[in-house]
$ cat start-v1.txt   # compact mmCIF, N, CA and C atoms
# COMPACT_ATOMS: atom_id res chain seq x y z
N MET A 1 151.22 90.38 73.65
CA MET A 1 152.03 91.58 73.58
C MET A 1 153.35 91.29 74.29
N ASN A 2 154.44 91.58 73.63
CA ASN A 2 155.75 91.20 74.15
C ASN A 2 156.26 92.16 75.21
N ASN A 3 156.28 93.44 74.91
CA ASN A 3 156.96 94.38 75.79
C ASN A 3 156.24 95.72 75.77
N LEU A 4 155.14 95.83 76.52
CA LEU A 4 154.39 97.07 76.58
C LEU A 4 155.11 98.07 77.48
N HIS A 5 155.35 99.25 76.95
CA HIS A 5 155.88 100.33 77.76
C HIS A 5 155.37 101.65 77.21
N VAL A 6 155.37 102.65 78.07
CA VAL A 6 154.90 103.99 77.71
C VAL A 6 156.04 104.95 77.94
N ARG A 7 156.21 105.86 77.00
CA ARG A 7 157.25 106.88 77.16
C ARG A 7 156.72 108.24 76.72
N VAL A 8 157.36 109.28 77.21
CA VAL A 8 157.05 110.62 76.72
C VAL A 8 157.56 110.70 75.29
N ALA A 9 156.73 111.27 74.42
CA ALA A 9 157.08 111.37 73.00
C ALA A 9 157.47 112.80 72.67
N ASP A 10 158.17 112.95 71.58
CA ASP A 10 158.55 114.26 71.06
C ASP A 10 157.65 114.56 69.87
N TRP A 11 156.89 115.67 69.94
CA TRP A 11 155.92 116.00 68.89
C TRP A 11 156.56 116.04 67.51
N GLN A 12 157.79 116.53 67.42
CA GLN A 12 158.47 116.60 66.13
C GLN A 12 159.02 115.23 65.71
N LYS A 13 159.81 114.64 66.57
CA LYS A 13 160.50 113.39 66.23
C LYS A 13 159.53 112.21 66.07
N ASP A 14 158.50 112.17 66.90
CA ASP A 14 157.55 111.06 66.89
C ASP A 14 156.25 111.37 66.15
N ASN A 15 156.26 112.45 65.39
CA ASN A 15 155.05 112.93 64.74
C ASN A 15 154.37 111.88 63.87
N ALA A 16 155.14 111.11 63.11
CA ALA A 16 154.54 110.12 62.21
C ALA A 16 153.75 109.08 63.00
N ASP A 17 154.30 108.59 64.11
CA ASP A 17 153.58 107.60 64.92
C ASP A 17 152.36 108.22 65.60
N LEU A 18 152.52 109.42 66.16
CA LEU A 18 151.39 110.08 66.82
C LEU A 18 150.25 110.29 65.83
N ARG A 19 150.58 110.77 64.64
CA ARG A 19 149.55 111.00 63.62
C ARG A 19 148.93 109.70 63.12
N ARG A 20 149.75 108.67 62.92
CA ARG A 20 149.24 107.39 62.42
C ARG A 20 148.18 106.83 63.35
N ILE A 21 148.44 106.87 64.65
CA ILE A 21 147.50 106.31 65.62
C ILE A 21 146.24 107.16 65.69
N ARG A 22 146.38 108.47 65.84
CA ARG A 22 145.20 109.33 65.96
C ARG A 22 144.37 109.33 64.68
N GLU A 23 145.03 109.28 63.53
CA GLU A 23 144.26 109.22 62.27
C GLU A 23 143.49 107.91 62.17
N ALA A 24 144.10 106.79 62.57
CA ALA A 24 143.43 105.49 62.51
C ALA A 24 142.22 105.47 63.44
N VAL A 25 142.40 105.95 64.67
CA VAL A 25 141.34 105.85 65.67
C VAL A 25 140.27 106.92 65.47
N PHE A 26 140.66 108.18 65.44
CA PHE A 26 139.67 109.25 65.43
C PHE A 26 139.12 109.56 64.04
N ILE A 27 140.00 109.68 63.06
CA ILE A 27 139.55 110.10 61.73
C ILE A 27 138.95 108.93 60.95
N ALA A 28 139.67 107.81 60.86
CA ALA A 28 139.18 106.66 60.09
C ALA A 28 138.04 105.93 60.80
N GLU A 29 138.24 105.54 62.06
CA GLU A 29 137.23 104.75 62.78
C GLU A 29 136.03 105.57 63.21
N GLN A 30 136.29 106.74 63.78
CA GLN A 30 135.21 107.50 64.42
C GLN A 30 134.71 108.66 63.58
N SER A 31 135.27 108.85 62.41
CA SER A 31 134.83 109.89 61.47
C SER A 31 134.92 111.31 62.03
N VAL A 32 135.92 111.55 62.88
CA VAL A 32 136.17 112.91 63.36
C VAL A 32 136.81 113.68 62.20
N PRO A 33 136.27 114.85 61.86
CA PRO A 33 136.89 115.63 60.78
C PRO A 33 138.33 116.00 61.13
N PRO A 34 139.25 115.88 60.16
CA PRO A 34 140.66 116.20 60.44
C PRO A 34 140.85 117.59 61.04
N GLU A 35 140.05 118.56 60.64
CA GLU A 35 140.22 119.92 61.16
C GLU A 35 139.85 120.01 62.64
N LEU A 36 139.10 119.04 63.16
CA LEU A 36 138.81 119.01 64.60
C LEU A 36 139.87 118.21 65.36
N GLU A 37 140.49 117.28 64.69
CA GLU A 37 141.49 116.43 65.35
C GLU A 37 142.80 117.18 65.61
N TRP A 38 143.24 117.97 64.64
CA TRP A 38 144.53 118.64 64.76
C TRP A 38 144.32 120.08 65.21
N ASP A 39 145.03 120.48 66.25
CA ASP A 39 144.89 121.84 66.76
C ASP A 39 146.25 122.39 67.20
N ASP A 40 146.25 123.66 67.55
CA ASP A 40 147.49 124.33 67.95
C ASP A 40 148.02 123.83 69.29
N GLU A 41 147.16 123.15 70.06
CA GLU A 41 147.59 122.70 71.38
C GLU A 41 148.60 121.55 71.31
N ASP A 42 148.66 120.85 70.18
CA ASP A 42 149.63 119.76 70.05
C ASP A 42 151.05 120.26 70.26
N ALA A 43 151.36 121.45 69.80
CA ALA A 43 152.72 121.99 69.91
C ALA A 43 153.12 122.23 71.36
N GLN A 44 152.16 122.56 72.25
CA GLN A 44 152.46 122.84 73.65
C GLN A 44 152.26 121.62 74.56
N ALA A 45 151.65 120.57 74.03
CA ALA A 45 151.30 119.40 74.85
C ALA A 45 152.51 118.50 75.10
N ILE A 46 152.40 117.73 76.17
CA ILE A 46 153.32 116.63 76.41
C ILE A 46 152.63 115.40 75.83
N HIS A 47 153.29 114.76 74.90
CA HIS A 47 152.70 113.59 74.23
C HIS A 47 153.29 112.31 74.80
N PHE A 48 152.49 111.26 74.73
CA PHE A 48 152.90 109.95 75.23
C PHE A 48 152.65 108.92 74.15
N LEU A 49 153.54 107.94 74.07
CA LEU A 49 153.37 106.81 73.17
C LEU A 49 153.41 105.53 73.98
N ALA A 50 152.45 104.66 73.71
CA ALA A 50 152.50 103.29 74.23
C ALA A 50 153.09 102.45 73.11
N LEU A 51 154.04 101.61 73.47
CA LEU A 51 154.72 100.79 72.47
C LEU A 51 154.68 99.32 72.85
N ASP A 52 154.55 98.49 71.82
CA ASP A 52 154.72 97.05 71.96
C ASP A 52 156.07 96.77 71.31
N ASP A 53 157.07 96.51 72.13
CA ASP A 53 158.46 96.53 71.68
C ASP A 53 158.74 97.92 71.11
N ASP A 54 159.01 98.04 69.81
CA ASP A 54 159.28 99.35 69.23
C ASP A 54 158.13 99.89 68.39
N TYR A 55 157.01 99.17 68.36
CA TYR A 55 155.87 99.57 67.52
C TYR A 55 154.87 100.39 68.34
N ALA A 56 154.63 101.63 67.90
CA ALA A 56 153.71 102.52 68.60
C ALA A 56 152.26 102.06 68.38
N ILE A 57 151.55 101.86 69.51
CA ILE A 57 150.18 101.32 69.44
C ILE A 57 149.15 102.20 70.13
N GLY A 58 149.59 103.23 70.86
CA GLY A 58 148.65 104.11 71.54
C GLY A 58 149.29 105.44 71.85
N THR A 59 148.44 106.43 72.07
CA THR A 59 148.95 107.76 72.37
C THR A 59 147.97 108.52 73.26
N ALA A 60 148.48 109.56 73.88
CA ALA A 60 147.68 110.49 74.68
C ALA A 60 148.48 111.77 74.78
N ARG A 61 147.81 112.84 75.22
CA ARG A 61 148.54 114.09 75.43
C ARG A 61 148.07 114.74 76.72
N LEU A 62 148.96 115.55 77.28
CA LEU A 62 148.70 116.29 78.51
C LEU A 62 148.98 117.76 78.21
N LEU A 63 147.97 118.60 78.45
CA LEU A 63 148.13 120.04 78.25
C LEU A 63 148.64 120.69 79.54
N PRO A 64 149.22 121.88 79.43
CA PRO A 64 149.79 122.54 80.61
C PRO A 64 148.79 122.80 81.74
N ASP A 65 147.49 122.81 81.44
CA ASP A 65 146.48 123.06 82.47
C ASP A 65 145.96 121.77 83.12
N GLY A 66 146.57 120.61 82.77
CA GLY A 66 146.14 119.35 83.36
C GLY A 66 145.08 118.63 82.55
N HIS A 67 144.74 119.14 81.38
CA HIS A 67 143.73 118.49 80.52
C HIS A 67 144.39 117.34 79.76
N ILE A 68 143.81 116.15 79.90
CA ILE A 68 144.29 114.96 79.21
C ILE A 68 143.41 114.74 77.99
N GLY A 69 144.02 114.43 76.86
CA GLY A 69 143.20 114.24 75.67
C GLY A 69 143.87 113.37 74.64
N ARG A 70 143.12 113.16 73.56
CA ARG A 70 143.59 112.39 72.40
C ARG A 70 144.08 111.00 72.81
N VAL A 71 143.42 110.43 73.82
CA VAL A 71 143.76 109.09 74.27
C VAL A 71 143.26 108.11 73.22
N SER A 72 144.16 107.35 72.63
CA SER A 72 143.77 106.46 71.55
C SER A 72 144.69 105.24 71.52
N VAL A 73 144.06 104.10 71.26
CA VAL A 73 144.79 102.83 71.16
C VAL A 73 144.32 102.15 69.87
N LEU A 74 145.27 101.65 69.09
CA LEU A 74 144.91 100.96 67.85
C LEU A 74 143.97 99.78 68.14
N LYS A 75 143.03 99.57 67.25
CA LYS A 75 141.96 98.59 67.45
C LYS A 75 142.47 97.21 67.86
N ASP A 76 143.50 96.72 67.21
CA ASP A 76 144.01 95.37 67.50
C ASP A 76 144.62 95.23 68.89
N TYR A 77 144.84 96.34 69.59
CA TYR A 77 145.49 96.30 70.90
C TYR A 77 144.55 96.69 72.04
N ARG A 78 143.28 96.89 71.74
CA ARG A 78 142.33 97.25 72.79
C ARG A 78 142.02 96.03 73.65
N GLY A 79 141.72 96.28 74.91
CA GLY A 79 141.41 95.19 75.83
C GLY A 79 142.65 94.53 76.41
N LEU A 80 143.82 95.10 76.16
CA LEU A 80 145.08 94.53 76.63
C LEU A 80 145.77 95.43 77.66
N LYS A 81 145.01 96.34 78.26
CA LYS A 81 145.52 97.25 79.31
C LYS A 81 146.46 98.34 78.78
N VAL A 82 146.44 98.56 77.47
CA VAL A 82 147.29 99.62 76.89
C VAL A 82 146.79 100.98 77.35
N GLY A 83 145.48 101.20 77.29
CA GLY A 83 144.91 102.48 77.72
C GLY A 83 145.21 102.77 79.18
N GLU A 84 145.12 101.73 80.00
CA GLU A 84 145.41 101.89 81.43
C GLU A 84 146.87 102.29 81.64
N ALA A 85 147.78 101.64 80.93
CA ALA A 85 149.20 101.98 81.04
C ALA A 85 149.45 103.42 80.60
N LEU A 86 148.81 103.81 79.51
CA LEU A 86 148.94 105.18 79.01
C LEU A 86 148.48 106.19 80.06
N LEU A 87 147.25 105.97 80.58
CA LEU A 87 146.68 106.93 81.53
C LEU A 87 147.49 107.00 82.81
N LYS A 88 147.98 105.87 83.28
CA LYS A 88 148.80 105.89 84.49
C LYS A 88 150.06 106.71 84.27
N ALA A 89 150.65 106.61 83.09
CA ALA A 89 151.85 107.40 82.78
C ALA A 89 151.51 108.89 82.69
N VAL A 90 150.39 109.21 82.07
CA VAL A 90 149.98 110.62 81.95
C VAL A 90 149.70 111.20 83.34
N ILE A 91 148.97 110.47 84.16
CA ILE A 91 148.65 110.95 85.51
C ILE A 91 149.93 111.15 86.32
N ALA A 92 150.86 110.21 86.24
CA ALA A 92 152.12 110.33 86.98
C ALA A 92 152.89 111.56 86.52
N GLU A 93 152.92 111.82 85.23
CA GLU A 93 153.63 113.00 84.71
C GLU A 93 152.93 114.28 85.16
N ALA A 94 151.60 114.28 85.13
CA ALA A 94 150.83 115.45 85.58
C ALA A 94 151.16 115.75 87.05
N GLU A 95 151.14 114.71 87.87
CA GLU A 95 151.43 114.90 89.30
C GLU A 95 152.87 115.36 89.50
N ARG A 96 153.79 114.81 88.72
CA ARG A 96 155.19 115.23 88.81
C ARG A 96 155.34 116.72 88.53
N ARG A 97 154.48 117.22 87.67
CA ARG A 97 154.51 118.64 87.30
C ARG A 97 153.64 119.51 88.22
N GLY A 98 153.09 118.91 89.26
CA GLY A 98 152.27 119.67 90.21
C GLY A 98 150.84 119.88 89.76
N LEU A 99 150.41 119.19 88.72
CA LEU A 99 149.03 119.31 88.22
C LEU A 99 148.18 118.27 88.97
N THR A 100 147.73 118.64 90.16
CA THR A 100 147.02 117.69 91.01
C THR A 100 145.57 117.49 90.59
N ARG A 101 145.08 118.31 89.69
CA ARG A 101 143.71 118.16 89.17
C ARG A 101 143.81 117.89 87.68
N GLN A 102 143.46 116.66 87.29
CA GLN A 102 143.47 116.32 85.87
C GLN A 102 142.03 116.29 85.38
N LYS A 103 141.85 116.70 84.14
CA LYS A 103 140.50 116.71 83.57
C LYS A 103 140.55 116.17 82.15
N LEU A 104 139.41 115.70 81.68
CA LEU A 104 139.31 115.21 80.32
C LEU A 104 137.86 115.19 79.89
N SER A 105 137.66 115.14 78.59
CA SER A 105 136.34 114.92 78.02
C SER A 105 136.35 113.50 77.48
N ALA A 106 135.51 112.65 78.07
CA ALA A 106 135.50 111.23 77.72
C ALA A 106 134.31 110.91 76.83
N GLN A 107 134.55 110.05 75.85
CA GLN A 107 133.42 109.50 75.12
C GLN A 107 132.61 108.69 76.14
N VAL A 108 131.29 108.83 76.08
CA VAL A 108 130.42 108.24 77.10
C VAL A 108 130.70 106.75 77.30
N HIS A 109 130.92 106.01 76.23
CA HIS A 109 131.17 104.57 76.37
C HIS A 109 132.46 104.28 77.15
N ALA A 110 133.39 105.25 77.18
CA ALA A 110 134.67 105.05 77.87
C ALA A 110 134.66 105.57 79.30
N ALA A 111 133.59 106.21 79.74
CA ALA A 111 133.54 106.79 81.09
C ALA A 111 133.85 105.76 82.18
N PRO A 112 133.32 104.53 82.12
CA PRO A 112 133.65 103.56 83.18
C PRO A 112 135.15 103.25 83.26
N PHE A 113 135.83 103.24 82.12
CA PHE A 113 137.29 103.04 82.10
C PHE A 113 137.97 104.14 82.91
N TYR A 114 137.59 105.40 82.66
CA TYR A 114 138.22 106.52 83.37
C TYR A 114 137.83 106.52 84.85
N GLU A 115 136.61 106.11 85.15
CA GLU A 115 136.19 106.04 86.56
C GLU A 115 137.06 105.05 87.33
N ARG A 116 137.43 103.94 86.71
CA ARG A 116 138.31 102.96 87.37
C ARG A 116 139.68 103.56 87.69
N LEU A 117 140.06 104.61 86.99
CA LEU A 117 141.35 105.27 87.21
C LEU A 117 141.21 106.52 88.09
N GLY A 118 140.03 106.69 88.71
CA GLY A 118 139.86 107.77 89.68
C GLY A 118 139.18 109.02 89.18
N PHE A 119 138.70 109.02 87.95
CA PHE A 119 138.00 110.19 87.41
C PHE A 119 136.52 110.12 87.77
N SER A 120 135.90 111.30 87.94
CA SER A 120 134.47 111.40 88.22
C SER A 120 133.81 112.27 87.16
N ILE A 121 132.60 111.90 86.78
CA ILE A 121 131.83 112.69 85.80
C ILE A 121 131.37 113.99 86.46
N VAL A 122 131.59 115.10 85.78
CA VAL A 122 131.23 116.41 86.34
C VAL A 122 130.35 117.23 85.39
N SER A 123 129.79 116.59 84.35
CA SER A 123 128.94 117.33 83.42
C SER A 123 127.82 116.45 82.92
N GLU A 124 126.87 117.10 82.29
CA GLU A 124 125.85 116.37 81.55
C GLU A 124 126.50 115.88 80.26
N GLU A 125 125.85 114.97 79.59
CA GLU A 125 126.32 114.47 78.30
C GLU A 125 126.21 115.59 77.25
N PHE A 126 127.21 115.66 76.36
CA PHE A 126 127.20 116.63 75.27
C PHE A 126 127.85 116.00 74.05
N LEU A 127 127.61 116.60 72.89
CA LEU A 127 128.20 116.10 71.65
C LEU A 127 129.47 116.86 71.33
N GLU A 128 130.51 116.11 70.99
CA GLU A 128 131.76 116.69 70.49
C GLU A 128 132.12 115.89 69.25
N ALA A 129 132.26 116.56 68.12
CA ALA A 129 132.52 115.91 66.84
C ALA A 129 131.44 114.84 66.55
N GLY A 130 130.22 115.12 67.02
CA GLY A 130 129.10 114.21 66.78
C GLY A 130 129.08 112.98 67.67
N ILE A 131 129.98 112.93 68.67
CA ILE A 131 130.10 111.77 69.55
C ILE A 131 129.72 112.19 70.97
N PRO A 132 128.85 111.42 71.66
CA PRO A 132 128.48 111.77 73.04
C PRO A 132 129.68 111.71 73.98
N HIS A 133 129.86 112.78 74.76
CA HIS A 133 130.96 112.92 75.71
C HIS A 133 130.43 113.38 77.06
N VAL A 134 131.26 113.22 78.09
CA VAL A 134 131.06 113.83 79.40
C VAL A 134 132.40 114.37 79.88
N ASP A 135 132.36 115.45 80.64
CA ASP A 135 133.58 115.97 81.25
C ASP A 135 133.84 115.19 82.54
N MET A 136 135.12 114.90 82.78
CA MET A 136 135.50 114.15 83.96
C MET A 136 136.71 114.81 84.63
N VAL A 137 136.81 114.65 85.95
CA VAL A 137 137.91 115.25 86.72
C VAL A 137 138.47 114.21 87.69
N ARG A 138 139.78 114.29 87.90
CA ARG A 138 140.46 113.45 88.90
C ARG A 138 141.29 114.37 89.77
N GLN A 139 141.13 114.26 91.06
CA GLN A 139 141.89 115.07 92.01
C GLN A 139 142.89 114.17 92.71
N SER A 140 144.17 114.50 92.58
CA SER A 140 145.22 113.73 93.26
C SER A 140 145.17 114.03 94.75
N SER A 141 145.52 113.04 95.53
CA SER A 141 145.51 113.27 96.99
C SER A 141 146.81 113.85 97.46

$ encode --input "start-v1.txt" --output "structure tokens"
Amino acid sequence: MNNLHVRVADWQKDNADLRRIREAVFIAEQSVPPELEWDDEDAQAIHFLALDDDYAIGTARLLPDGHIGRVSVLKDYRGLKVGEALLKAVIAEAERRGLTRQKLSAQVHAAPFYERLGFSIVSEEFLEAGIPHVDMVRQSS
């Protein structure tokens, strides 16, 4: 990877990239129904794009209540610290906005990744879109 960086995205201007990544990861790979992937919260969320040079390879969103979601990295870029860079940017933005408590619903297989970034599991396992998840919380110091 030549030049990994993360920036705040504009839902309108960057919509094609945001949709391309989420459709590839959630709808195509994980069979999440499109009606569950797209919601009204996208319009109010702060979106993030991870880029390799100018090519968008990952995304995440932050809701006004500190909920982090739609964390996704294209398959060919997994294992290269893209998710970590994304989450660190989201957490920094949340803290900048005074959101000292961040929360997310993690796919169970990804829980150890989030734990390494300071999140703790706070729920029993549950199904969301047919995929096992757990709720996780991170409290900034």

$ residues_around --input "start-v1.txt" --residues "range 14-20 of chain A" --least-positions-apart "5" --cutoff "8 Å" --atoms "all atoms listed in the file" --output "PyMOL selection string"
chain A and resi 9+25-26+48-49+56-60

$ select_by_dssp --input "start-v1.txt" --residues "range 68-137 of chain A" --states "strand (DSSP E or B)" --output "PyMOL selection string"
chain A and resi 68-73+101-107+120-121+126-128+131-137

$ axis_aligned_box --input "start-v1.txt" --around "range 46-51 of chain A" --padding-each-side "4 Å" --output "AutoDock Vina command-line options"
--center_x 153.6 --center_y 108.5 --center_z 74.4 --size_x 10.3 --size_y 26.4 --size_z 11.9

$ atom_distance --input "start-v1.txt" --atom1 "CA of Gly98 in chain A" --atom2 "CA of Val82 in chain A"
24.6 Å

$ atom_distance --input "start-v1.txt" --atom1 "CA of Lys13 in chain A" --atom2 "CA of His47 in chain A"
11.2 Å

$ atom_distance --input "start-v1.txt" --atom1 "atom C of Ser31 in chain A" --atom2 "CA of Gln12 in chain A"
24.5 Å

$ closest_residue --input "start-v1.txt" --among "A:Glu41, A:Asp135, A:Glu84, A:Glu35" --to "Phe113 in chain A" --atoms "only C-alpha atoms"
A:Glu84

$ closest_residue --input "start-v1.txt" --among "A:Ala50, A:Leu99, A:Ala92, A:Leu127" --to "Gln139 in chain A" --atoms "all atoms listed in the file"
A:Leu99

$ residues_around --input "start-v1.txt" --residues "Val122 in chain A" --least-positions-apart "6" --cutoff "7 Å" --atoms "all atoms listed in the file" --output "PyMOL selection string"
chain A and resi 134-137

$ closest_residue --input "start-v1.txt" --among "A:Val108, A:Leu117, A:Leu51, A:Leu63" --to "Leu87 in chain A" --atoms "all atoms listed in the file"
A:Leu117

$ residues_near_point --input "start-v1.txt" --point "(143.4, 120.1, 81.8)" --cutoff "6 Å" --atoms "all atoms listed in the file" --output "VMD selection string"
chain A and resid 63 65 to 68 102 to 104

$ select_by_dssp --input "start-v1.txt" --residues "chain A" --states "helix (DSSP H, G or I)" --output "ChimeraX atom specification"
/A:15-29,34-37,40-43,75-77,82-96,108-116

$ residues_around --input "start-v1.txt" --residues "Asn3 in chain A" --least-positions-apart "5" --cutoff "7 Å" --atoms "only N, CA and C atoms" --output "compact mmCIF listing (two decimals) with N, CA and C atoms, in the frame of the given file"
# COMPACT_ATOMS: atom_id res chain seq x y z
N LEU A 51 154.04 101.61 73.47
CA LEU A 51 154.72 100.79 72.47
C LEU A 51 154.68 99.32 72.85
N ASP A 52 154.55 98.49 71.82
CA ASP A 52 154.72 97.05 71.96
C ASP A 52 156.07 96.77 71.31
N ASP A 53 157.07 96.51 72.13
CA ASP A 53 158.46 96.53 71.68
C ASP A 53 158.74 97.92 71.11
N ASP A 54 159.01 98.04 69.81
CA ASP A 54 159.28 99.35 69.23
C ASP A 54 158.13 99.89 68.39

$ closest_residue --input "start-v1.txt" --among "A:Phe119, A:Ala106, A:Val32, A:Ala111" --to "His133 in chain A" --atoms "all atoms listed in the file"
A:Ala106

$ residues_near_point --input "start-v1.txt" --point "(152.1, 120.0, 68.6)" --cutoff "10 Å" --atoms "only C-alpha atoms" --output "CSV table (one decimal) with N, CA and C atoms, in the frame of the given file"
chain,number,residue,atom,x,y,z
A,10,ASP,N,158.2,113.0,71.6
A,10,ASP,CA,158.6,114.3,71.1
A,10,ASP,C,157.6,114.6,69.9
A,11,TRP,N,156.9,115.7,69.9
A,11,TRP,CA,155.9,116.0,68.9
A,11,TRP,C,156.6,116.0,67.5
A,12,GLN,N,157.8,116.5,67.4
A,12,GLN,CA,158.5,116.6,66.1
A,12,GLN,C,159.0,115.2,65.7
A,15,ASN,N,156.3,112.4,65.4
A,15,ASN,CA,155.0,112.9,64.7
A,15,ASN,C,154.4,111.9,63.9
A,38,TRP,N,143.2,118.0,64.6
A,38,TRP,CA,144.5,118.6,64.8
A,38,TRP,C,144.3,120.1,65.2
A,39,ASP,N,145.0,120.5,66.2
A,39,ASP,CA,144.9,121.8,66.8
A,39,ASP,C,146.2,122.4,67.2
A,40,ASP,N,146.2,123.7,67.6
A,40,ASP,CA,147.5,124.3,68.0
A,40,ASP,C,148.0,123.8,69.3
A,41,GLU,N,147.2,123.2,70.1
A,41,GLU,CA,147.6,122.7,71.4
A,41,GLU,C,148.6,121.6,71.3
A,42,ASP,N,148.7,120.8,70.2
A,42,ASP,CA,149.6,119.8,70.0
A,42,ASP,C,151.0,120.3,70.3
A,43,ALA,N,151.4,121.4,69.8
A,43,ALA,CA,152.7,122.0,69.9
A,43,ALA,C,153.1,122.2,71.4
A,44,GLN,N,152.2,122.6,72.2
A,44,GLN,CA,152.5,122.8,73.6
A,44,GLN,C,152.3,121.6,74.6
A,45,ALA,N,151.6,120.6,74.0
A,45,ALA,CA,151.3,119.4,74.8
A,45,ALA,C,152.5,118.5,75.1
A,46,ILE,N,152.4,117.7,76.2
A,46,ILE,CA,153.3,116.6,76.4
A,46,ILE,C,152.6,115.4,75.8
A,47,HIS,N,153.3,114.8,74.9
A,47,HIS,CA,152.7,113.6,74.2
A,47,HIS,C,153.3,112.3,74.8
A,61,ARG,N,147.8,112.8,75.2
A,61,ARG,CA,148.5,114.1,75.4
A,61,ARG,C,148.1,114.7,76.7

$ build_atoms --input "start-v1.txt" --residues "range 125-131 of chain A" --atoms "all heavy atoms" --output "mmCIF file, in the frame of the given file"
data_model
loop_
_atom_site.group_PDB
_atom_site.id
_atom_site.type_symbol
_atom_site.label_atom_id
_atom_site.label_comp_id
_atom_site.auth_asym_id
_atom_site.auth_seq_id
_atom_site.Cartn_x
_atom_site.Cartn_y
_atom_site.Cartn_z
ATOM 1 N N GLU A 125 125.850 114.970 79.590
ATOM 2 C CA GLU A 125 126.320 114.470 78.300
ATOM 3 C C GLU A 125 126.210 115.590 77.250
ATOM 4 O O GLU A 125 125.268 116.378 77.261
ATOM 5 C CB GLU A 125 125.431 113.286 77.903
ATOM 6 C CG GLU A 125 125.981 112.452 76.796
ATOM 7 C CD GLU A 125 125.140 111.195 76.563
ATOM 8 O OE1 GLU A 125 125.012 110.384 77.503
ATOM 9 O OE2 GLU A 125 124.632 111.053 75.440
ATOM 10 N N PHE A 126 127.210 115.660 76.360
ATOM 11 C CA PHE A 126 127.200 116.630 75.270
ATOM 12 C C PHE A 126 127.850 116.000 74.050
ATOM 13 O O PHE A 126 128.544 114.992 74.152
ATOM 14 C CB PHE A 126 127.932 117.919 75.675
ATOM 15 C CG PHE A 126 129.386 117.722 76.033
ATOM 16 C CD1 PHE A 126 130.386 117.863 75.069
ATOM 17 C CD2 PHE A 126 129.766 117.376 77.333
ATOM 18 C CE1 PHE A 126 131.720 117.673 75.387
ATOM 19 C CE2 PHE A 126 131.105 117.184 77.661
ATOM 20 C CZ PHE A 126 132.083 117.333 76.685
ATOM 21 N N LEU A 127 127.610 116.600 72.890
ATOM 22 C CA LEU A 127 128.200 116.100 71.650
ATOM 23 C C LEU A 127 129.470 116.860 71.330
ATOM 24 O O LEU A 127 129.512 118.084 71.397
ATOM 25 C CB LEU A 127 127.216 116.246 70.491
ATOM 26 C CG LEU A 127 126.027 115.290 70.483
ATOM 27 C CD1 LEU A 127 125.149 115.567 69.266
ATOM 28 C CD2 LEU A 127 126.483 113.839 70.481
ATOM 29 N N GLU A 128 130.510 116.110 70.990
ATOM 30 C CA GLU A 128 131.760 116.690 70.490
ATOM 31 C C GLU A 128 132.120 115.890 69.250
ATOM 32 O O GLU A 128 132.229 114.665 69.316
ATOM 33 C CB GLU A 128 132.837 116.576 71.565
ATOM 34 C CG GLU A 128 134.100 117.345 71.237
ATOM 35 C CD GLU A 128 135.049 117.375 72.424
ATOM 36 O OE1 GLU A 128 134.679 117.898 73.482
ATOM 37 O OE2 GLU A 128 136.180 116.855 72.268
ATOM 38 N N ALA A 129 132.260 116.560 68.120
ATOM 39 C CA ALA A 129 132.520 115.910 66.840
ATOM 40 C C ALA A 129 131.440 114.840 66.550
ATOM 41 O O ALA A 129 131.726 113.800 65.977
ATOM 42 C CB ALA A 129 133.913 115.301 66.794
ATOM 43 N N GLY A 130 130.220 115.120 67.020
ATOM 44 C CA GLY A 130 129.100 114.210 66.780
ATOM 45 C C GLY A 130 129.080 112.980 67.670
ATOM 46 O O GLY A 130 128.273 112.078 67.470
ATOM 47 N N ILE A 131 129.980 112.930 68.670
ATOM 48 C CA ILE A 131 130.100 111.770 69.550
ATOM 49 C C ILE A 131 129.720 112.190 70.970
ATOM 50 O O ILE A 131 130.219 113.202 71.465
ATOM 51 C CB ILE A 131 131.555 111.228 69.528
ATOM 52 C CG1 ILE A 131 131.959 110.830 68.096
ATOM 53 C CG2 ILE A 131 131.712 110.050 70.480
ATOM 54 C CD1 ILE A 131 133.442 110.589 67.916
#
